[in-house]
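Engineer: So I've got this file, work.pdb, and it contains PDB, C-alpha atoms:
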ATOM      1  CA  MET A   1     -30.527  50.467 103.569
ATOM      2  CA  SER A   2     -31.843  47.982 106.153
ATOM      3  CA  ASN A   3     -35.064  50.014 106.534
ATOM      4  CA  GLU A   4     -35.596  49.682 102.768
ATOM      5  CA  LEU A   5     -34.917  45.950 103.012
ATOM      6  CA  ILE A   6     -37.389  45.567 105.884
ATOM      7  CA  THR A   7     -39.998  47.560 103.953
ATOM      8  CA  HIS A   8     -39.493  45.391 100.860
ATOM      9  CA  MET A   9     -39.754  42.208 102.944
ATOM     10  CA  LEU A  10     -42.960  43.474 104.587
ATOM     11  CA  ASN A  11     -44.471  44.345 101.206
ATOM     12  CA  LEU A  12     -43.747  40.814  99.966
ATOM     13  CA  ALA A  13     -45.382  39.346 103.078
ATOM     14  CA  ALA A  14     -48.417  41.640 102.739
ATOM     15  CA  SER A  15     -48.884  40.622  99.102
ATOM     16  CA  ARG A  16     -49.312  37.020 100.347
ATOM     17  CA  ARG A  17     -51.862  38.088 102.984
ATOM     18  CA  ALA A  18     -49.404  37.220 105.709
ATOM     19  CA  LYS A  19     -49.760  38.298 109.307
ATOM     20  CA  VAL A  20     -46.677  40.155 110.472
ATOM     21  CA  LEU A  21     -45.404  41.026 113.918
ATOM     22  CA  LEU A  22     -42.716  43.663 113.408
ATOM     23  CA  VAL A  23     -40.277  44.438 116.186
ATOM     24  CA  GLY A  24     -38.864  47.973 116.178
ATOM     25  CA  ASP A  25     -35.722  47.185 118.157
ATOM     26  CA  SER A  26     -32.830  46.328 115.814
ATOM     27  CA  SER A  27     -30.651  45.207 118.745
ATOM     28  CA  LEU A  28     -32.745  42.028 119.097
ATOM     29  CA  SER A  29     -31.868  38.809 117.310
ATOM     30  CA  TYR A  30     -35.029  39.001 115.169
ATOM     31  CA  ASP A  31     -36.950  41.701 113.342
ATOM     32  CA  ALA A  32     -40.247  40.057 112.408
ATOM     33  CA  ILE A  33     -42.432  37.008 112.776
ATOM     34  CA  ILE A  34     -44.428  36.219 109.657
ATOM     35  CA  ARG A  35     -47.334  33.788 109.301
ATOM     36  CA  VAL A  36     -48.339  32.948 105.744
ATOM     37  CA  PRO A  37     -51.832  31.359 105.440
ATOM     38  CA  ASN A  38     -52.287  28.305 103.207
ATOM     39  CA  TYR A  39     -48.551  27.955 102.875
ATOM     40  CA  ARG A  40     -48.346  24.206 102.459
ATOM     41  CA  ASP A  41     -51.374  21.899 102.290
ATOM     42  CA  HIS A  42     -53.616  24.430 104.037
ATOM     43  CA  GLU A  43     -51.133  24.925 106.859
ATOM     44  CA  GLU A  44     -49.651  28.201 108.011
ATOM     45  CA  GLY A  45     -46.041  28.936 107.187
ATOM     46  CA  LYS A  46     -44.336  30.490 110.198
ATOM     47  CA  PHE A  47     -41.029  32.326 109.880
ATOM     48  CA  ILE A  48     -38.932  34.241 112.381
ATOM     49  CA  ILE A  49     -36.747  36.667 110.480
ATOM     50  CA  LYS A  50     -33.676  38.762 111.027
ATOM     51  CA  VAL A  51     -32.960  41.366 108.376
ATOM     52  CA  LYS A  52     -29.248  42.008 107.976
ATOM     53  CA  GLU A  53     -27.592  43.692 105.008
ATOM     54  CA  ASP A  54     -24.570  41.393 105.319
ATOM     55  CA  ALA A  55     -25.856  37.998 106.448
ATOM     56  CA  ASP A  56     -22.325  36.810 107.165
ATOM     57  CA  ARG A  57     -22.014  39.392 109.947
ATOM     58  CA  MET A  58     -24.546  37.724 112.266
ATOM     59  CA  SER A  59     -22.975  36.898 115.613
ATOM     60  CA  ARG A  60     -23.108  33.324 116.830
ATOM     61  CA  GLU A  61     -25.030  34.479 119.921
ATOM     62  CA  SER A  62     -27.716  36.121 117.752
ATOM     63  CA  ILE A  63     -27.977  32.945 115.675
ATOM     64  CA  ILE A  64     -28.430  30.844 118.820
ATOM     65  CA  ASP A  65     -31.142  33.251 120.058
ATOM     66  CA  LEU A  66     -32.854  33.043 116.668
ATOM     67  CA  ILE A  67     -32.788  29.240 116.752
ATOM     68  CA  VAL A  68     -34.177  29.117 120.308
ATOM     69  CA  LEU A  69     -36.935  31.605 119.440
ATOM     70  CA  SER A  70     -37.824  29.588 116.335
ATOM     71  CA  ARG A  71     -38.214  26.427 118.375
ATOM     72  CA  VAL A  72     -40.341  28.149 121.012
ATOM     73  CA  SER A  73     -42.554  29.758 118.359
ATOM     74  CA  ASN A  74     -42.578  26.641 116.129
ATOM     75  CA  SER A  75     -41.300  28.645 113.170
ATOM     76  CA  THR A  76     -38.481  28.568 110.631
ATOM     77  CA  PRO A  77     -35.556  30.929 111.271
ATOM     78  CA  ILE A  78     -34.341  32.889 108.236
ATOM     79  CA  ILE A  79     -31.880  35.718 107.745
ATOM     80  CA  VAL A  80     -32.857  38.014 104.870
ATOM     81  CA  GLY A  81     -30.021  40.061 103.458
ATOM     82  CA  ILE A  82     -28.355  41.576 100.442
ATOM     83  CA  ASN A  83     -24.752  40.413 100.765
ATOM     84  CA  TYR A  84     -22.940  37.406 102.128
ATOM     85  CA  GLY A  85     -19.488  38.680 102.938
ATOM     86  CA  ASP A  86     -18.231  40.611  99.944
ATOM     87  CA  GLU A  87     -20.544  39.006  97.384
ATOM     88  CA  GLU A  88     -24.137  39.777  96.512
ATOM     89  CA  MET A  89     -26.524  36.981  97.463
ATOM     90  CA  ALA A  90     -27.594  35.021  94.396
ATOM     91  CA  ASP A  91     -31.220  34.319  93.510
ATOM     92  CA  GLY A  92     -32.338  30.812  94.427
ATOM     93  CA  VAL A  93     -29.376  30.148  96.732
ATOM     94  CA  ALA A  94     -29.589  29.721 100.515
ATOM     95  CA  TYR A  95     -26.384  30.476 102.422
ATOM     96  CA  LYS A  96     -25.758  28.461 105.555
ATOM     97  CA  VAL A  97     -24.805  30.661 108.523
ATOM     98  CA  HIS A  98     -24.054  28.754 111.735
ATOM     99  CA  GLY A  99     -26.702  26.154 110.912
ATOM    100  CA  ILE A 100     -29.536  28.350 109.610
ATOM    101  CA  TYR A 101     -30.254  29.760 106.176
ATOM    102  CA  ALA A 102     -29.689  33.265 104.917
ATOM    103  CA  VAL A 103     -31.352  34.312 101.680
ATOM    104  CA  GLY A 104     -31.599  37.341  99.444
ATOM    105  CA  ILE A 105     -34.880  39.145  98.943
ATOM    106  CA  ARG A 106     -35.712  37.339  95.659
ATOM    107  CA  THR A 107     -35.086  33.959  97.274
ATOM    108  CA  PHE A 108     -37.233  35.034 100.229
ATOM    109  CA  LYS A 109     -40.016  35.750  97.749
ATOM    110  CA  ARG A 110     -39.591  32.200  96.401
ATOM    111  CA  ILE A 111     -39.900  30.844  99.940
ATOM    112  CA  LEU A 112     -43.097  32.821 100.539
ATOM    113  CA  ASP A 113     -44.424  31.443  97.229
ATOM    114  CA  ASN A 114     -43.727  27.920  98.567
ATOM    115  CA  GLU A 115     -41.055  27.217  95.964
ATOM    116  CA  GLY A 116     -38.124  25.099  97.054
ATOM    117  CA  ILE A 117     -34.577  26.331  97.375
ATOM    118  CA  LYS A 118     -32.493  24.652  94.710
ATOM    119  CA  PHE A 119     -28.978  25.537  95.851
ATOM    120  CA  VAL A 120     -27.255  25.775  99.227
ATOM    121  CA  LYS A 121     -23.905  27.463  99.722
ATOM    122  CA  ASP A 122     -22.032  26.178 102.739
ATOM    123  CA  LYS A 123     -18.348  26.856 103.464
ATOM    124  CA  GLY A 124     -17.817  28.280  99.985
ATOM    125  CA  ILE A 125     -19.286  25.300  98.106
ATOM    126  CA  VAL A 126     -22.584  25.536  96.223
ATOM    127  CA  ARG A 127     -24.529  22.288  96.295
ATOM    128  CA  ALA A 128     -27.673  21.442  94.383
ATOM    129  CA  SER A 129     -30.522  19.485  95.848
ATOM    130  CA  VAL A 130     -31.195  16.460  93.695
ATOM    131  CA  LYS A 131     -34.652  15.073  93.107
ATOM    132  CA  GLY A 132     -33.821  11.390  93.045
ATOM    133  CA  GLN A 133     -37.045  10.288  91.368
ATOM    134  CA  LEU A 134     -36.562  12.859  88.600
ATOM    135  CA  LEU A 135     -32.932  11.814  88.103
ATOM    136  CA  ARG A 136     -33.931   8.166  87.862
ATOM    137  CA  ARG A 137     -36.790   8.886  85.441
ATOM    138  CA  LEU A 138     -34.586  11.018  83.191
ATOM    139  CA  ARG A 139     -31.842   8.393  83.250
ATOM    140  CA  GLU A 140     -34.277   5.583  82.423
ATOM    141  CA  ASP A 141     -36.025   7.654  79.705
ATOM    142  CA  ARG A 142     -32.653   8.021  78.034
ATOM    143  CA  GLY A 143     -31.872   4.312  78.479
ATOM    144  CA  MET A 144     -28.848   5.098  80.643
ATOM    145  CA  SER A 145     -27.295   2.711  83.108
ATOM    146  CA  LEU A 146     -25.609   3.926  86.281
ATOM    147  CA  ALA A 147     -22.255   3.306  84.609
ATOM    148  CA  THR A 148     -23.271   5.587  81.738
ATOM    149  CA  LEU A 149     -24.387   8.233  84.235
ATOM    150  CA  ARG A 150     -20.991   7.916  85.922
ATOM    151  CA  LYS A 151     -19.287   8.492  82.559
ATOM    152  CA  CYS A 152     -21.468  11.541  81.896
ATOM    153  CA  LEU A 153     -20.406  12.923  85.252
ATOM    154  CA  VAL A 154     -16.764  12.334  84.257
ATOM    155  CA  LEU A 155     -15.957  10.353  87.370
ATOM    156  CA  PRO A 156     -12.709   8.395  87.172
ATOM    157  CA  GLY A 157     -13.330   4.668  86.675
ATOM    158  CA  GLY A 158     -11.365   3.761  89.781
ATOM    159  CA  LEU A 159     -13.817   5.694  91.917
ATOM    160  CA  PHE A 160     -16.878   3.799  90.683
ATOM    161  CA  MET A 161     -16.972   1.387  93.610
ATOM    162  CA  SER A 162     -16.692   4.177  96.165
ATOM    163  CA  MET A 163     -19.175   6.260  94.162
ATOM    164  CA  ARG A 164     -21.739   3.471  93.904
ATOM    165  CA  GLY A 165     -23.033   4.241  97.409
ATOM    166  CA  SER A 166     -22.977   7.951  96.650
ATOM    167  CA  LEU A 167     -24.923   7.470  93.416
ATOM    168  CA  TRP A 168     -27.418   5.339  95.322
ATOM    169  CA  ARG A 169     -27.885   8.108  97.951
ATOM    170  CA  LEU A 170     -27.984  10.747  95.205
ATOM    171  CA  ARG A 171     -30.825   8.943  93.410
ATOM    172  CA  ARG A 172     -32.801   8.749  96.640
ATOM    173  CA  GLY A 173     -32.408  12.470  97.322
ATOM    174  CA  GLN A 174     -30.277  11.847 100.409
ATOM    175  CA  LEU A 175     -27.201  13.541  98.996
ATOM    176  CA  GLY A 176     -26.638  16.841  97.226
ATOM    177  CA  CYS A 177     -24.038  17.435  94.587
ATOM    178  CA  SER A 178     -21.923  20.276  93.343
ATOM    179  CA  LEU A 179     -23.354  22.790  90.917
ATOM    180  CA  ALA A 180     -21.087  21.495  88.128
ATOM    181  CA  TYR A 181     -22.362  17.921  88.492
ATOM    182  CA  SER A 182     -26.006  18.972  88.787
ATOM    183  CA  THR A 183     -25.836  20.880  85.493
ATOM    184  CA  ARG A 184     -24.318  17.810  83.808
ATOM    185  CA  MET A 185     -27.059  15.558  85.150
ATOM    186  CA  TYR A 186     -29.974  17.691  84.046
TER     187      TYR A 186
END
Output the structure of this file as structure tokens.
Structural biologist:
Amino acid sequence: MSNELITHMLNLAASRRAKVLLVGDSSLSYDAIIRVPNYRDHEEGKFIIKVKEDADRMSRESIIDLIVLSRVSNSTPIIVGINYGDEEMADGVAYKVHGIYAVGIRTFKRILDNEGIKFVKDKGIVRASVKGQLLRRLREDRGMSLATLRKCLVLPGGLFMSMRGSLWRLRRGQLGCSLAYSTRMY
């Protein structure tokens, strides 16, 4: 199956006119280096990739090698897989594995298309990235105060003072929130 996954990943990269350096030795901590032209503001997108059917089965040593190689090559390390443990990787979700991201093939396609990752799963919790400016605009368009937003999020009133700083960081995009709260906000 991993050969099929590598082939699919290479086809996606080729469809974006990417330059690919494929390594044929699966014992290494990476399988390919991909450079996507005009990725972001006429800059190249550089990725160092390990293809692993179960992204959760990457050893810590391989992750460290991947991180070191990414820094030396000035690229972004990514694990592309199908499963994370015993669950299939969801579209649009990045799974954090020892500090780097693992994604499914559809999410990898989104990355190559320069679309942002909306959800991150870390230690079993899915968090949504919050666009603070969008949250503020939507709240103001609806004439909502922060207290009203708090009520919509069903936060207990006693937690408002401790949540005030969190809401402030949330609006500025410095803090993510759970999937349940993000669906309530938007």
Engineer: Could you give me the axis-aligned bounding box of range 1-15 of chain A, with 8 Å of padding per side, as centre plus edge lengths in Å to one decimal, as JSON?
Structural biologist:
{"center_x": -39.7, "center_y": 44.9, "center_z": 102.8, "size_x": 34.4, "size_y": 27.1, "size_z": 23.4}
Engineer: Evaluate the PyMOL selection byres ((chain A and resi 69-85) around 6) on the structure here and hand back the selected residues as a list in words.
Structural biologist: Lys46, Phe47, Ile48, Ile49, Lys50, Val51, Lys52, Glu53, Asp54, Ala55, Asp56, Leu66, Ile67, Val68, Asp86, Glu87, Glu88, Met89, Tyr101, Ala102, Val103 and Gly104 of chain A
Engineer: Could you write out as a list in words the residues that the PyMOL selection byres ((chain A and resi 10-19) around 10) matches in the shown file?
Structural biologist: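 On this input, the PyMOL selection byres ((chain A and resi 10-19) around 10) captures Glu4, Leu5, Ile6, Thr7, His8, Met9, Val20, Leu21, Leu22, Ala32, Ile33, Ile34, Arg35, Val36, Pro37, Asn38, Tyr39, Glu44, Gly45, Lys46, Ile105, Arg106, Phe108, Lys109, Leu112 and Asp113 of chain A.
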Engineer: Rounded to one decimal in Å, what is the spacing between CA of Ser26 in chain A and CA of Asp91 in chain A?
Structural biologist: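 So the two atoms, CA of Ser26 in chain A and CA of Asp91 in chain A, lie 25.4 Å apart.
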Engineer: What is the CA of Ala94 in chain A to CA of Ala128 in chain A distance in Å?
Structural biologist: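 CA of Ala128 in chain A lies 10.5 Å from CA of Ala94 in chain A.
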Engineer: At most 8 Å from (-36.7, 28.0, 96.9), file frame, all atoms listed in the file: which residues, as a PDB file with C-alpha atoms, in the coordinates of the input?
Structural biologist:
ATOM      1  CA  GLY A  92     -32.338  30.812  94.427  1.00  0.00           C
ATOM      2  CA  VAL A  93     -29.376  30.148  96.732  1.00  0.00           C
ATOM      3  CA  THR A 107     -35.086  33.959  97.274  1.00  0.00           C
ATOM      4  CA  PHE A 108     -37.233  35.034 100.229  1.00  0.00           C
ATOM      5  CA  ARG A 110     -39.591  32.200  96.401  1.00  0.00           C
ATOM      6  CA  ILE A 111     -39.900  30.844  99.940  1.00  0.00           C
ATOM      7  CA  ASN A 114     -43.727  27.920  98.567  1.00  0.00           C
ATOM      8  CA  GLU A 115     -41.055  27.217  95.964  1.00  0.00           C
ATOM      9  CA  GLY A 116     -38.124  25.099  97.054  1.00  0.00           C
ATOM     10  CA  ILE A 117     -34.577  26.331  97.375  1.00  0.00           C
ATOM     11  CA  LYS A 118     -32.493  24.652  94.710  1.00  0.00           C
TER      12      LYS A 118
END
Engineer: Tell me, in Å to one decimal, how far CA of Thr148 in chain A is from CA of Arg136 in chain A.
Structural biologist: 12.6 Å
Engineer: Specify as number ranges by chain each residue included when the PyMOL selection byres ((chain A and resi 96) around 8) is applied to this file.
Structural biologist: A: 94-95, 97-102, 120-123
Engineer: Got time to write the residues from that selection, C-alpha atoms, as a PDB file, in the coordinates of the input?
Structural biologist:
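Everything below was put into out.pdb:
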ATOM      1  CA  ALA A  94     -29.589  29.721 100.515  1.00  0.00           C
ATOM      2  CA  TYR A  95     -26.384  30.476 102.422  1.00  0.00           C
ATOM      3  CA  VAL A  97     -24.805  30.661 108.523  1.00  0.00           C
ATOM      4  CA  HIS A  98     -24.054  28.754 111.735  1.00  0.00           C
ATOM      5  CA  GLY A  99     -26.702  26.154 110.912  1.00  0.00           C
ATOM      6  CA  ILE A 100     -29.536  28.350 109.610  1.00  0.00           C
ATOM      7  CA  TYR A 101     -30.254  29.760 106.176  1.00  0.00           C
ATOM      8  CA  ALA A 102     -29.689  33.265 104.917  1.00  0.00           C
ATOM      9  CA  VAL A 120     -27.255  25.775  99.227  1.00  0.00           C
ATOM     10  CA  LYS A 121     -23.905  27.463  99.722  1.00  0.00           C
ATOM     11  CA  ASP A 122     -22.032  26.178 102.739  1.00  0.00           C
ATOM     12  CA  LYS A 123     -18.348  26.856 103.464  1.00  0.00           C
TER      13      LYS A 123
END
